[in-house]
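Novice: Here you go, input-v9.pdb (PDB, C-alpha atoms, pLDDT in the B column):
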ATOM      1  CA  MET A   2     124.984  85.113 121.603  1.00 58.00           C
ATOM      2  CA  VAL A   3     125.582  86.976 118.342  1.00 57.00           C
ATOM      3  CA  LYS A   4     122.482  88.373 116.679  1.00 74.00           C
ATOM      4  CA  MET A   5     122.156  87.620 112.971  1.00 80.00           C
ATOM      5  CA  PRO A   6     121.802  90.829 110.938  1.00 88.00           C
ATOM      6  CA  ARG A   7     118.545  91.232 109.020  1.00 95.00           C
ATOM      7  CA  VAL A   8     118.415  92.796 105.565  1.00 98.00           C
ATOM      8  CA  LEU A   9     115.388  93.752 103.501  1.00 98.00           C
ATOM      9  CA  VAL A  10     115.853  93.917  99.740  1.00 98.00           C
ATOM     10  CA  ILE A  11     113.295  96.116  97.974  1.00 98.00           C
ATOM     11  CA  GLY A  12     113.097  95.734  94.228  1.00 96.00           C
ATOM     12  CA  LEU A  13     110.943  95.175  91.205  1.00 96.00           C
ATOM     13  CA  ASP A  14     109.379  91.796  90.561  1.00 96.00           C
ATOM     14  CA  PRO A  15     110.836  91.033  87.133  1.00 95.00           C
ATOM     15  CA  TYR A  16     107.733  89.058  86.170  1.00 95.00           C
ATOM     16  CA  ARG A  17     105.484  92.054  86.826  1.00 94.00           C
ATOM     17  CA  VAL A  18     107.355  94.744  84.917  1.00 92.00           C
ATOM     18  CA  PRO A  19     105.508  95.559  81.700  1.00 89.00           C
ATOM     19  CA  GLY A  20     107.231  95.531  78.366  1.00 85.00           C
ATOM     20  CA  PRO A  21     108.705  93.172  75.911  1.00 93.00           C
ATOM     21  CA  TRP A  22     111.704  91.817  77.803  1.00 91.00           C
ATOM     22  CA  ASP A  23     112.992  88.570  79.291  1.00 96.00           C
ATOM     23  CA  PRO A  24     112.629  88.609  83.100  1.00 95.00           C
ATOM     24  CA  GLU A  25     114.595  85.363  83.614  1.00 96.00           C
ATOM     25  CA  PRO A  26     118.114  86.876  83.839  1.00 95.00           C
ATOM     26  CA  VAL A  27     116.969  89.332  86.496  1.00 94.00           C
ATOM     27  CA  ALA A  28     115.047  86.644  88.409  1.00 96.00           C
ATOM     28  CA  THR A  29     118.144  84.422  88.344  1.00 96.00           C
ATOM     29  CA  GLY A  30     120.310  87.317  89.535  1.00 94.00           C
ATOM     30  CA  ILE A  31     117.950  87.918  92.459  1.00 95.00           C
ATOM     31  CA  GLN A  32     118.167  84.226  93.435  1.00 95.00           C
ATOM     32  CA  VAL A  33     121.977  84.342  93.276  1.00 95.00           C
ATOM     33  CA  GLY A  34     122.088  87.534  95.333  1.00 94.00           C
ATOM     34  CA  MET A  35     119.756  86.171  97.994  1.00 96.00           C
ATOM     35  CA  ALA A  36     121.719  82.908  98.226  1.00 96.00           C
ATOM     36  CA  ASP A  37     124.824  84.955  99.108  1.00 96.00           C
ATOM     37  CA  PHE A  38     123.090  86.188 102.267  1.00 96.00           C
ATOM     38  CA  ALA A  39     122.455  82.630 103.424  1.00 93.00           C
ATOM     39  CA  ASP A  40     126.023  81.643 102.559  1.00 94.00           C
ATOM     40  CA  HIS A  41     127.268  84.445 104.838  1.00 93.00           C
ATOM     41  CA  GLY A  42     124.849  83.742 107.681  1.00 92.00           C
ATOM     42  CA  VAL A  43     122.810  86.876 107.143  1.00 95.00           C
ATOM     43  CA  GLY A  44     119.020  86.835 107.328  1.00 95.00           C
ATOM     44  CA  ALA A  45     117.518  88.509 104.283  1.00 97.00           C
ATOM     45  CA  GLU A  46     114.086  88.853 102.766  1.00 97.00           C
ATOM     46  CA  THR A  47     112.844  90.362  99.549  1.00 97.00           C
ATOM     47  CA  CYS A  48     110.038  92.808  98.992  1.00 98.00           C
ATOM     48  CA  LEU A  49     109.448  92.689  95.252  1.00 97.00           C
ATOM     49  CA  VAL A  50     106.767  94.964  93.841  1.00 97.00           C
ATOM     50  CA  GLY A  51     105.109  95.021  90.465  1.00 94.00           C
ATOM     51  CA  LEU A  52     104.787  97.904  88.062  1.00 90.00           C
ATOM     52  CA  ASP A  53     101.809  96.280  86.364  1.00 88.00           C
ATOM     53  CA  GLY A  54      99.298  97.927  88.709  1.00 87.00           C
ATOM     54  CA  SER A  55      98.793  94.793  90.816  1.00 88.00           C
ATOM     55  CA  ASP A  56     100.361  96.288  93.960  1.00 91.00           C
ATOM     56  CA  ASP A  57      99.688  99.182  96.259  1.00 95.00           C
ATOM     57  CA  VAL A  58     103.451  99.722  96.344  1.00 94.00           C
ATOM     58  CA  GLU A  59     103.415 102.018  99.362  1.00 96.00           C
ATOM     59  CA  ALA A  60     101.347  99.562 101.433  1.00 97.00           C
ATOM     60  CA  VAL A  61     103.442  96.544 100.398  1.00 97.00           C
ATOM     61  CA  VAL A  62     106.745  98.267 101.177  1.00 98.00           C
ATOM     62  CA  ALA A  63     105.501  99.768 104.449  1.00 98.00           C
ATOM     63  CA  ALA A  64     104.283  96.337 105.622  1.00 98.00           C
ATOM     64  CA  ALA A  65     107.626  94.721 104.756  1.00 98.00           C
ATOM     65  CA  LEU A  66     109.532  97.461 106.576  1.00 98.00           C
ATOM     66  CA  ALA A  67     107.327  97.050 109.656  1.00 97.00           C
ATOM     67  CA  ALA A  68     107.667  93.253 109.728  1.00 96.00           C
ATOM     68  CA  HIS A  69     111.061  93.213 111.477  1.00 94.00           C
ATOM     69  CA  PRO A  70     113.757  95.522 112.741  1.00 95.00           C
ATOM     70  CA  TRP A  71     116.166  95.744 109.792  1.00 97.00           C
ATOM     71  CA  GLU A  72     119.859  96.503 110.051  1.00 96.00           C
ATOM     72  CA  CYS A  73     120.004  97.396 106.368  1.00 98.00           C
ATOM     73  CA  VAL A  74     117.563  98.001 103.526  1.00 98.00           C
ATOM     74  CA  VAL A  75     118.839  97.553  99.968  1.00 98.00           C
ATOM     75  CA  VAL A  76     116.989  99.434  97.237  1.00 97.00           C
ATOM     76  CA  GLY A  77     117.460  97.717  93.889  1.00 95.00           C
ATOM     77  CA  GLY A  78     118.645  99.266  90.666  1.00 91.00           C
ATOM     78  CA  GLY A  79     115.370  98.693  88.821  1.00 90.00           C
ATOM     79  CA  ILE A  80     113.802 101.235  91.143  1.00 93.00           C
ATOM     80  CA  ARG A  81     116.757 103.648  91.196  1.00 92.00           C
ATOM     81  CA  ARG A  82     118.117 103.676  87.683  1.00 90.00           C
ATOM     82  CA  ASN A  83     115.037 104.299  85.560  1.00 86.00           C
ATOM     83  CA  GLU A  84     114.298 108.017  85.418  1.00 90.00           C
ATOM     84  CA  GLU A  85     110.625 107.173  84.935  1.00 89.00           C
ATOM     85  CA  GLN A  86     110.698 105.584  88.412  1.00 90.00           C
ATOM     86  CA  LEU A  87     112.173 108.625  90.184  1.00 94.00           C
ATOM     87  CA  GLY A  88     108.963 109.252  92.153  1.00 95.00           C
ATOM     88  CA  LEU A  89     108.830 105.594  93.200  1.00 95.00           C
ATOM     89  CA  PHE A  90     112.464 105.745  94.312  1.00 96.00           C
ATOM     90  CA  GLU A  91     111.855 108.869  96.395  1.00 96.00           C
ATOM     91  CA  ASN A  92     108.753 107.317  97.939  1.00 96.00           C
ATOM     92  CA  ILE A  93     110.639 104.146  98.912  1.00 97.00           C
ATOM     93  CA  VAL A  94     113.536 106.070 100.463  1.00 97.00           C
ATOM     94  CA  ASN A  95     111.072 108.099 102.520  1.00 97.00           C
ATOM     95  CA  LEU A  96     109.195 104.949 103.561  1.00 98.00           C
ATOM     96  CA  VAL A  97     112.494 103.502 104.803  1.00 98.00           C
ATOM     97  CA  ARG A  98     113.194 106.689 106.755  1.00 97.00           C
ATOM     98  CA  ARG A  99     109.725 106.532 108.361  1.00 97.00           C
ATOM     99  CA  HIS A 100     109.350 102.803 109.030  1.00 97.00           C
ATOM    100  CA  ALA A 101     112.972 101.685 109.535  1.00 97.00           C
ATOM    101  CA  PRO A 102     114.789 104.815 110.721  1.00 97.00           C
ATOM    102  CA  ASP A 103     117.659 102.864 112.285  1.00 96.00           C
ATOM    103  CA  ALA A 104     118.393 100.842 109.145  1.00 97.00           C
ATOM    104  CA  ALA A 105     121.252 101.701 106.848  1.00 97.00           C
ATOM    105  CA  ILE A 106     120.249 102.157 103.210  1.00 98.00           C
ATOM    106  CA  ALA A 107     122.363 100.441 100.562  1.00 98.00           C
ATOM    107  CA  PHE A 108     122.272 100.293  96.780  1.00 97.00           C
ATOM    108  CA  ASN A 109     123.359  97.354  94.657  1.00 95.00           C
ATOM    109  CA  SER A 110     124.824  97.448  91.155  1.00 91.00           C
ATOM    110  CA  THR A 111     123.188  94.232  89.951  1.00 92.00           C
ATOM    111  CA  PRO A 112     120.755  91.773  91.533  1.00 93.00           C
ATOM    112  CA  SER A 113     123.583  89.303  92.062  1.00 91.00           C
ATOM    113  CA  ASP A 114     125.729  91.731  94.106  1.00 93.00           C
ATOM    114  CA  THR A 115     123.045  92.599  96.648  1.00 96.00           C
ATOM    115  CA  TYR A 116     124.897  90.931  99.526  1.00 96.00           C
ATOM    116  CA  THR A 117     128.020  92.938  98.697  1.00 96.00           C
ATOM    117  CA  ALA A 118     126.003  96.168  98.870  1.00 96.00           C
ATOM    118  CA  ALA A 119     124.482  95.260 102.237  1.00 97.00           C
ATOM    119  CA  SER A 120     127.769  93.973 103.656  1.00 96.00           C
ATOM    120  CA  ARG A 121     129.185  97.494 103.536  1.00 96.00           C
ATOM    121  CA  TRP A 122     126.677  98.414 106.266  1.00 96.00           C
ATOM    122  CA  ILE A 123     125.975  95.345 108.391  1.00 93.00           C
ATOM    123  CA  LYS A 124     127.875  93.958 111.331  1.00 79.00           C
ATOM    124  CA  LYS A 125     128.646  90.302 110.831  1.00 65.00           C
ATOM    125  CA  GLY A 126     129.102  88.042 113.860  1.00 53.00           C
TER
END
As structure tokens, please, write out the structure in this file.

Specialist:
Amino acid sequence: MVKMPRVLVIGLDPYRVPGPWDPEPVATGIQVGMADFADHGVGAETCLVGLDGSDDVEAVVAAALAAHPWECVVVGGGIRRNEEQLGLFENIVNLVRRHAPDAAIAFNSTPSDTYTAASRWIKKG
């Protein structure tokens, strides 16, 4: 029996990022990216955190990492690319190292190419 790989996608909840911007394109991209996992027979879950102060980000991410053994953890561009989020990015990488030390860490370019990022690191049946 072939075990289905499990991927955790950690990113920002586009509806809980402050500022005057339209979250719909990002939300749609996340849906497209997550659908690709299902299309390829890969189990994937999201852990989307808010920057609006509604989350204890460390607790939310740690709980998601502890929920399953993950073959790969993808850290989204909203966390990585904004220099103002550098501390958050470092914290998340270190949480992955602590709570999912056997998981590969991948980085996507856009929300819709998340499967492609993970596929570089997962073994597919």

Novice: I want to know what sits within 9 Å of range 117-120 of chain A, based on all atoms listed in the file, with residues of the same chain fewer than 6 positions away left out; could you give that as a list in words?

Specialist: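 Once the adjacent positions are removed, what remains is Val8, Gly34, Asp37, Cys73, Val74, Val75, Ala105, Ile106, Ala107, Phe108, Asn109 and Ser110 of chain A.
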
Novice: For the PyMOL selection byres ((chain A and resi 43) around 12), applied here, can you spell out every residue it catches as an NGL selection string?

Specialist: :A and (3-9 or 34-42 or 44-46 or 71-73 or 115-117 or 119-120 or 123-126)

Novice: Quick one: distance from CA of Asn83 in chain A to CA of Ala67 in chain A in Å, one decimal?

Specialist: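 Rounded to one decimal, the two atoms are 26.3 Å apart.
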
Novice: Expand the PyMOL selection byres ((chain A and resi 94-98) around 12) into the individual residues it matches in the shown file, reporting them as a ChimeraX atom specification.

Specialist: /A:9-11,58-67,70-77,80-81,87-93,99-108

Novice: Hey, can I get the axis-aligned box for range 32-46 of chain A? All listed atoms, 5 Å padding on each side, centre and edge lengths in Å to one decimal, as JSON.

Specialist:
{"center_x": 120.7, "center_y": 85.2, "center_z": 100.5, "size_x": 23.2, "size_y": 17.2, "size_z": 24.4}

Novice: Given all atoms listed in the file as the basis, pick out the residue of A:Trp22, A:Gly78, A:Gln86, A:Ala28 nearest to Leu52 in chain A.

Specialist: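 Once distances to Leu52 in chain A are computed over all atoms listed in the file, the minimum belongs to A:Gln86.
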
Novice: From the list A:Ala68, A:Leu49, A:Val33, A:Val27, which residue is nearest Gly12 in chain A when using all atoms listed in the file?

Specialist: A:Leu49

Novice: From the options A:Gly30, A:Val18, A:Gly79, A:Glu85, which residue's atoms come nearest to Gly54 in chain A, counting all atoms listed in the file?

Specialist: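 Under the stated criterion, the closest residue is A:Val18.
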
Novice: Find the distance between CA of Asp53 in chain A and CA of Thr29 in chain A and write it in Å to one decimal.

Specialist: 20.3 Å

Novice: Between CA of Ser113 in chain A and CA of Ser55 in chain A, what distance in Å does the model show, to one decimal?

Specialist: 25.4 Å

Novice: Taking (109.3, 89.3, 92.9) in the coordinates of the supplied file, I want to know which residues reach to within 8 Å of it, counting all atoms listed in the file; could you give the answer as a PyMOL selection string?

Specialist: chain A and resi 12-17+28+47-51
